[in-house]
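*Asks:* Sharing entry.txt here; it has compact mmCIF, C-alpha atoms.
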```
# COMPACT_ATOMS: atom_id res chain seq x y z
CA MET A 1 33.35 125.25 230.78
CA ASP A 2 31.17 127.01 233.30
CA THR A 3 32.91 128.17 236.45
CA VAL A 4 31.10 127.56 239.66
CA LEU A 5 31.37 130.47 242.12
CA ASP A 6 31.29 129.94 245.82
CA LYS A 7 29.01 131.94 248.06
CA GLY A 8 31.75 134.46 249.16
CA GLU A 9 32.59 135.48 245.61
CA ALA A 10 28.93 135.90 244.79
CA ARG A 11 28.42 138.21 247.74
CA LEU A 12 31.49 140.31 246.69
CA ILE A 13 30.19 140.71 243.14
CA GLY A 14 26.79 141.72 244.45
CA ARG A 15 28.24 144.43 246.67
CA LYS A 16 30.31 145.80 243.77
CA ASP A 17 27.27 145.94 241.52
CA ALA A 18 25.30 147.76 244.22
CA ALA A 19 28.07 150.31 244.69
CA GLU A 20 28.31 151.01 240.95
CA ALA A 21 24.56 151.49 240.80
CA ALA A 22 24.73 153.98 243.69
CA VAL A 23 27.53 155.95 241.97
CA ALA A 24 25.50 156.14 238.78
CA GLU A 25 22.46 157.46 240.65
CA ARG A 26 24.56 160.19 242.41
CA GLY A 27 26.14 161.45 239.20
CA GLY A 28 29.48 159.65 239.41
CA GLU A 29 30.54 160.37 243.02
CA THR A 30 32.26 157.70 245.02
CA PRO A 31 29.93 156.87 247.91
CA GLY A 32 32.45 157.63 250.68
CA VAL A 33 33.78 160.82 249.10
CA GLY A 34 30.36 162.14 248.11
CA THR A 35 28.94 161.44 251.55
CA ALA A 36 31.83 163.28 253.24
CA ARG A 37 31.54 166.24 250.85
CA ARG A 38 27.80 166.51 251.38
CA ALA A 39 28.33 166.32 255.14
CA ARG A 40 30.73 169.25 255.05
CA CYS A 41 28.37 171.30 252.90
CA ALA A 42 25.48 170.51 255.22
CA LYS A 43 27.53 171.82 258.17
CA GLY A 44 28.23 175.09 256.32
CA GLY A 45 31.78 174.28 255.19
CA ALA A 46 32.99 174.59 251.60
CA PRO A 47 34.37 171.61 249.71
CA ARG A 48 38.12 171.24 249.90
CA PRO A 49 39.84 173.06 247.02
CA ALA A 50 42.03 171.27 244.58
CA PRO A 51 45.75 171.32 245.55
CA GLY A 52 46.66 173.51 242.53
CA ALA A 53 44.23 176.27 243.60
CA LYS A 54 46.05 176.92 246.90
CA ARG A 55 49.09 178.65 245.37
CA PRO A 56 47.24 181.57 243.67
CA ARG A 57 45.17 182.09 246.81
CA LYS A 58 48.27 182.17 249.00
CA ALA A 59 49.98 184.66 246.66
CA ARG A 60 46.90 186.90 246.60
CA ALA A 61 46.61 186.77 250.39
CA PHE A 62 50.32 187.62 250.76
CA TRP A 63 50.14 190.67 248.49
CA LEU A 64 46.89 191.83 250.05
CA LYS A 65 48.52 191.74 253.46
CA GLN A 66 51.62 193.58 252.28
CA LEU A 67 49.67 196.24 250.40
CA HIS A 68 47.27 196.85 253.28
CA THR A 69 50.21 197.14 255.70
CA TRP A 70 52.13 199.70 253.60
CA HIS A 71 48.91 201.52 252.72
CA TRP A 72 47.89 202.16 256.31
CA ILE A 73 51.45 202.96 257.45
CA SER A 74 51.93 205.55 254.68
CA ALA A 75 48.46 206.96 255.44
CA ALA A 76 49.28 207.31 259.13
CA VAL A 77 52.66 208.93 258.47
CA SER A 78 51.31 211.44 255.95
CA LEU A 79 47.94 212.14 257.61
CA ALA A 80 48.76 215.48 259.28
CA GLY A 81 50.87 216.68 256.36
CA MET A 82 48.18 215.77 253.84
CA ALA A 83 45.57 217.69 255.80
CA LEU A 84 47.93 220.70 256.06
CA PHE A 85 48.78 220.73 252.36
CA ALA A 86 45.15 220.21 251.33
CA LEU A 87 43.93 223.13 253.47
CA THR A 88 46.76 225.44 252.43
CA GLY A 89 46.09 224.50 248.81
CA ILE A 90 42.64 226.06 249.26
CA THR A 91 44.03 229.18 250.99
CA LEU A 92 46.68 229.60 248.28
CA ASN A 93 44.06 229.23 245.57
CA HIS A 94 42.05 232.06 247.18
CA ALA A 95 44.96 234.15 248.49
CA ALA A 96 43.74 237.30 246.71
CA SER A 97 40.38 237.16 248.48
CA ILE A 98 41.82 236.49 251.96
CA GLY A 99 42.65 239.83 253.50
CA ALA A 100 45.69 240.26 255.73
CA GLN A 101 47.00 243.36 257.46
CA PRO A 102 50.83 243.30 257.69
CA VAL A 103 52.27 244.28 261.07
CA VAL A 104 55.57 246.19 260.83
CA THR A 105 57.92 246.64 263.79
CA GLN A 106 61.23 248.50 263.75
CA ALA A 107 64.28 248.90 265.95
CA SER A 108 67.37 251.09 265.76
CA GLY A 109 70.64 251.62 267.60
CA ARG A 110 74.36 252.18 267.13
CA LEU A 111 77.54 250.14 267.45
CA SER A 112 80.21 251.12 269.93
CA GLU A 113 83.59 252.38 268.73
CA ALA A 114 85.19 249.02 269.47
CA ASP A 115 82.54 247.15 267.48
CA ARG A 116 82.89 249.61 264.57
CA ALA A 117 86.62 248.99 264.52
CA ARG A 118 86.05 245.24 264.54
CA LEU A 119 83.57 245.63 261.68
CA SER A 120 86.12 247.64 259.68
CA GLU A 121 88.72 244.91 260.18
CA GLU A 122 86.27 242.28 258.96
CA SER A 123 85.32 244.44 255.97
CA ALA A 124 88.94 244.58 254.92
CA ARG A 125 89.25 240.81 255.20
CA VAL A 126 86.01 239.90 253.41
CA ALA A 127 85.90 240.42 249.65
CA ALA A 128 83.58 243.16 248.41
CA ASP A 129 81.25 240.74 246.65
CA SER A 130 81.19 238.09 249.39
CA VAL A 131 78.40 236.89 251.63
CA ALA A 132 79.56 235.96 255.13
CA PRO A 133 78.20 236.11 258.71
CA LEU A 134 78.94 239.02 261.00
CA PRO A 135 81.82 238.60 263.45
CA GLY A 136 80.63 237.06 266.72
CA ASP A 137 81.09 240.11 268.96
CA VAL A 138 79.52 242.42 266.35
CA ALA A 139 76.59 240.01 265.90
CA ARG A 140 75.98 239.99 269.67
CA ALA A 141 76.02 243.80 269.77
CA VAL A 142 73.59 244.01 266.87
CA GLY A 143 71.41 241.30 268.43
CA ALA A 144 71.06 243.35 271.61
CA VAL A 145 69.44 246.08 269.49
CA THR A 146 67.34 243.83 267.24
CA ALA A 147 65.99 241.77 270.16
CA ALA A 148 63.21 244.37 270.37
CA VAL A 149 61.85 243.01 267.06
CA HIS A 150 62.76 239.37 267.88
CA LEU A 151 65.63 239.13 265.41
CA ASP A 152 69.09 237.67 265.95
CA PRO A 153 71.56 238.11 263.09
CA ALA A 154 74.13 235.66 264.51
CA GLY A 155 74.87 232.91 261.99
CA HIS A 156 72.92 234.56 259.18
CA ALA A 157 74.71 235.43 255.94
CA ALA A 158 75.41 239.16 255.54
CA ASP A 159 75.84 240.94 252.22
CA TRP A 160 79.12 242.90 252.21
CA SER A 161 78.88 244.08 248.59
CA ASP A 162 77.60 247.61 249.30
CA PRO A 163 80.46 250.00 250.27
CA GLU A 164 78.14 252.00 252.54
CA GLU A 165 76.24 249.35 254.49
CA ILE A 166 76.14 245.71 255.48
CA TYR A 167 72.77 244.09 254.90
CA VAL A 168 71.46 240.96 256.62
CA ALA A 169 68.25 239.49 255.16
CA MET A 170 66.31 237.34 257.66
CA PRO A 171 63.05 236.30 255.97
CA GLY A 172 60.94 233.46 257.31
CA PRO A 173 57.58 231.81 256.62
CA GLY A 174 54.93 234.50 256.78
CA ARG A 175 57.42 237.28 257.43
CA ASP A 176 60.06 239.56 255.92
CA ALA A 177 62.88 240.87 258.10
CA TRP A 178 66.21 242.60 257.64
CA VAL A 179 69.03 244.30 259.52
CA SER A 180 71.22 247.08 258.10
CA ILE A 181 74.51 248.40 259.53
CA ASP A 182 76.03 251.66 258.32
CA ARG A 183 79.76 251.13 257.76
CA GLN A 184 80.72 254.74 258.56
CA THR A 185 78.53 255.62 261.53
CA GLY A 186 77.74 252.16 262.91
CA ALA A 187 74.01 252.93 262.86
CA ILE A 188 71.80 249.85 263.11
CA ALA A 189 68.32 249.65 261.57
CA ALA A 190 66.06 246.60 261.75
CA GLU A 191 62.57 245.92 260.45
CA ARG A 192 60.23 242.93 260.75
CA THR A 193 56.97 242.54 258.78
CA GLU A 194 54.50 239.85 259.86
CA ARG A 195 51.75 238.91 257.40
CA GLY A 196 49.65 236.64 259.63
CA TRP A 197 49.00 232.91 260.17
CA ILE A 198 47.46 232.29 256.75
CA SER A 199 50.57 233.62 255.06
CA TYR A 200 52.71 231.56 257.44
CA LEU A 201 50.90 228.32 256.51
CA ASN A 202 50.95 229.22 252.81
CA ASP A 203 54.73 229.63 252.96
CA LEU A 204 55.00 226.23 254.65
CA HIS A 205 53.08 224.80 251.68
CA LYS A 206 55.49 226.44 249.22
CA GLY A 207 58.61 225.77 251.28
CA ARG A 208 59.40 229.50 251.13
CA ASN A 209 62.10 230.61 253.58
CA THR A 210 61.54 227.51 255.71
CA GLY A 211 65.08 226.11 255.97
CA THR A 212 66.67 222.72 255.37
CA ALA A 213 64.73 220.72 257.97
CA TRP A 214 61.37 221.63 256.45
CA ALA A 215 62.67 220.91 252.95
CA TRP A 216 63.59 217.38 254.10
CA PHE A 217 60.16 216.99 255.67
CA ILE A 218 58.46 217.91 252.39
CA ASP A 219 60.56 215.34 250.51
CA LEU A 220 59.81 212.56 253.01
CA PHE A 221 56.13 213.49 253.12
CA ALA A 222 55.96 213.41 249.32
CA GLY A 223 57.56 209.95 249.34
CA ALA A 224 54.96 208.70 251.85
CA CYS A 225 52.19 210.08 249.61
CA VAL A 226 53.65 208.24 246.61
CA ILE A 227 53.65 204.96 248.57
CA PHE A 228 50.08 205.64 249.70
CA THR A 229 48.98 206.26 246.11
CA LEU A 230 50.74 203.26 244.58
CA THR A 231 49.55 200.80 247.22
CA GLY A 232 46.05 202.21 246.81
CA PHE A 233 46.27 201.64 243.06
CA PHE A 234 47.28 197.99 243.46
CA LEU A 235 44.56 197.44 246.07
CA LEU A 236 42.08 198.84 243.56
CA HIS A 237 43.44 196.35 241.02
CA LEU A 238 42.96 193.41 243.39
CA HIS A 239 39.39 194.42 244.32
CA ALA A 240 38.28 195.77 240.93
CA ARG A 241 36.61 192.51 239.93
CA HIS A 242 33.92 193.05 242.55
CA ARG A 243 33.68 196.83 242.04
CA PRO A 244 32.76 197.67 238.44
CA SER A 245 33.08 201.43 238.90
CA THR A 246 36.77 201.21 239.90
CA TRP A 247 38.45 201.78 236.55
CA PRO A 248 36.02 204.44 235.27
CA LEU A 249 36.72 206.46 238.42
CA VAL A 250 40.48 205.96 238.07
CA ALA A 251 40.29 207.04 234.43
CA ALA A 252 38.32 210.14 235.48
CA SER A 253 41.10 211.08 237.92
CA PHE A 254 43.46 211.33 234.93
CA VAL A 255 41.08 212.70 232.31
CA VAL A 256 39.49 215.55 234.31
CA PRO A 257 42.71 217.43 235.19
CA LEU A 258 44.10 216.74 231.71
CA VAL A 259 41.05 218.25 230.02
CA LEU A 260 41.12 221.26 232.36
CA ALA A 261 44.83 221.82 231.66
CA LEU A 262 44.46 221.53 227.90
CA PHE A 263 41.26 223.48 227.30
CA PHE A 264 40.60 225.77 230.29
CA ILE A 265 44.03 227.10 231.24
CA HIS A 266 45.21 230.04 229.16
```
In structure tokens, what does this structure look like?
*Replies:*
Amino acid sequence: MDTVLDKGEARLIGRKDAAEAAVAERGGETPGVGTARRARCAKGGAPRPAPGAKRPRKARAFWLKQLHTWHWISAAVSLAGMALFALTGITLNHAASIGAQPVVTQASGRLSEADRARLSEESARVAADSVAPLPGDVARAVGAVTAAVHLDPAGHAADWSDPEEIYVAMPGPGRDAWVSIDRQTGAIAAERTERGWISYLNDLHKGRNTGTAWAWFIDLFAGACVIFTLTGFFLLHLHARHRPSTWPLVAASFVVPLVLALFFIH
């Protein structure tokens, strides 16, 4: 039996049919959603991403922030040291062609009878093959003589192995220096050889005769350079998709020194 529709139901069906026709014409978009999306695009905004796409973007943004932070901090900490070691790498590589005129200064003197007696007492106490500092009063007496060449033997290890003399080596970056004390006569001889600023900086590069503090600095500086390199590598990884030359250049950084080491170093 036919069902008779009232006017309200007829109007509702008509509106539904019109809406379905509009969706079909727009390619399947719901009129309200499509209109809002097109309005955002028209204003220059991108469509809202799907909820599942937010997590990878948040993770990428987090790691980018962390890597950039550690990259610039390690760069700032190692900046001066990296410049120093790069420049001294060049001067070391061409050390034979960089001329330097050593400057030698000498000083001499003699211990008093009291200081000689004190030195004899210490010689009897210290084993013949031992290395130990000079006694305090003897070191001060020797330092008064060696002050002319800017040397102070106090606190430095002395070699007591020679039966005729006590020898104190006092090398430093860019210099050689020593003090010798004759056991019998108490004669003091000191010599200092300076090889110039280039030699001084080269010895800093090598850590030669630079002491414990500089050795710690080199270790910490090397650690900062490792952080700088690793964070740079991961930043390259994150940006490589938009920079096609990234991995060929990285590969070249490994291949070039390897080829040189294998085929051109004899």
*Asks:* Can you work out the spacing between CA of Trp72 in chain A and CA of Thr231 in chain A in Å, to one decimal?
*Replies:*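 Value for the CA of Trp72 in chain A-CA of Thr231 in chain A distance: 9.3 Å.
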*Asks:* Given 4 Å on each side, where is the centre and what are the edge lengths in Å to one decimal of the axis-aligned box enclosing the listed atoms of range 241-254 of chain A, as AutoDock Vina command-line options?
*Replies:*
```
--center_x 38.1 --center_y 201.9 --center_z 238.5 --size_x 18.7 --size_y 26.8 --size_z 16.1
```
*Asks:* Could you tell me which of A:Asp115, A:Glu121, A:Asp176, A:Glu165 comes closest to Arg195 in chain A if we count only C-alpha atoms?
*Replies:*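 When distances to Arg195 in chain A are compared using only C-alpha atoms, the smallest one comes from A:Asp176.
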*Asks:* Give me, as JSON lines, the closest atom pair and its distance (Å, one decimal) for every residue of range 119-181 of chain A within a cut-off of 12 Å of range 207-224 of chain A, counting all atoms listed in the file, rows sorted by chain and rising number.
*Replies:*
```
{"residue": "A:His156", "atom": "CA", "partner": "A:Gly211", "partner_atom": "CA", "distance": 12.0}
{"residue": "A:Ala169", "atom": "CA", "partner": "A:Asn209", "partner_atom": "CA", "distance": 10.9}
{"residue": "A:Met170", "atom": "CA", "partner": "A:Asn209", "partner_atom": "CA", "distance": 8.9}
{"residue": "A:Pro171", "atom": "CA", "partner": "A:Asn209", "partner_atom": "CA", "distance": 6.2}
{"residue": "A:Gly172", "atom": "CA", "partner": "A:Asn209", "partner_atom": "CA", "distance": 4.8}
{"residue": "A:Pro173", "atom": "CA", "partner": "A:Asn209", "partner_atom": "CA", "distance": 5.6}
{"residue": "A:Gly174", "atom": "CA", "partner": "A:Asn209", "partner_atom": "CA", "distance": 8.8}
{"residue": "A:Arg175", "atom": "CA", "partner": "A:Asn209", "partner_atom": "CA", "distance": 9.0}
{"residue": "A:Asp176", "atom": "CA", "partner": "A:Asn209", "partner_atom": "CA", "distance": 9.5}
{"residue": "A:Ala177", "atom": "CA", "partner": "A:Asn209", "partner_atom": "CA", "distance": 11.2}
```
*Asks:* Which of these residues is nearest to Leu67 in chain A, using all atoms listed in the file: A:Val259, A:Leu230, A:Val145, A:Ala251?
*Replies:*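 So, comparing all the options, the nearest one is A:Leu230.
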*Asks:* If we count all atoms listed in the file, what is near Gln101 in chain A at a cut-off of 12 Å, once residues fewer than 6 positions away on the same chain are taken out, given as a list of chain:residue names?
*Replies:*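 Here the qualifying residues turn out to be A:Gly174, A:Thr193, A:Glu194, A:Arg195, A:Gly196, A:Trp197, A:Ile198, A:Ser199.
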*Asks:* Need the shell around Thr146 in chain A: protein/DNA/RNA residues with any atom at most 8 Å away, counting only C-alpha atoms. Skip same-chain ones fewer than 5 positions apart. Format as a list in words?
*Replies:* Ala107, Ser108, Leu151, Asp152, Val179 and Ala190 of chain A
*Asks:* Using Å and a single decimal, report how far CA of Arg183 in chain A sits from CA of Glu164 in chain A.
*Replies:*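 Distance reported for this atom pair: 5.5 Å.
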*Asks:* Do you have the CA of Val131 in chain A-CA of Tyr167 in chain A distance handy?
*Replies:*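 These atoms are spaced 9.7 Å apart.
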*Asks:* Step by step: start from the point (49.6, 225.0, 257.5) in the file's coordinates, keep every protein, DNA or RNA residue that has an atom no farther than 6 Å from it, count all atoms listed in the file, and write the set as a list in words.
*Replies:*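 I get Leu84, Thr88 and Leu201 of chain A for the residues within 6 Å of that point.
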*Asks:* Save out the residues we just selected, C-alpha atoms, as an mmCIF file, in the frame of the given file.
*Replies:*
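The resulting part_32.cif:
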```cif
data_model
loop_
_atom_site.group_PDB
_atom_site.id
_atom_site.type_symbol
_atom_site.label_atom_id
_atom_site.label_comp_id
_atom_site.auth_asym_id
_atom_site.auth_seq_id
_atom_site.Cartn_x
_atom_site.Cartn_y
_atom_site.Cartn_z
ATOM 1 C CA LEU A 84 47.930 220.700 256.060
ATOM 2 C CA THR A 88 46.760 225.440 252.430
ATOM 3 C CA LEU A 201 50.900 228.320 256.510
#
```
*Asks:* Considering only C-alpha atoms, can you say which of A:Ala158, A:Ala141, A:Gly99, A:Asn202 comes closest to Glu122 in chain A?
*Replies:*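 Comparing A:Ala158, A:Ala141, A:Gly99, A:Asn202 against Glu122 in chain A, the winner is A:Ala158.
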*Asks:* For a quick check of understanding, using all atoms listed in the file, which of A:Thr246, A:Asn93, A:Ser120, A:Thr229 has the smallest distance to His68 in chain A?
*Replies:*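 Result for the nearest residue to His68 in chain A: A:Thr229.
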*Asks:* A:Val104, A:Arg192, A:Ile181, A:Gly136: which is nearest His150 in chain A, counting all atoms listed in the file?
*Replies:*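 The answer is A:Arg192, which sits nearest to His150 in chain A.
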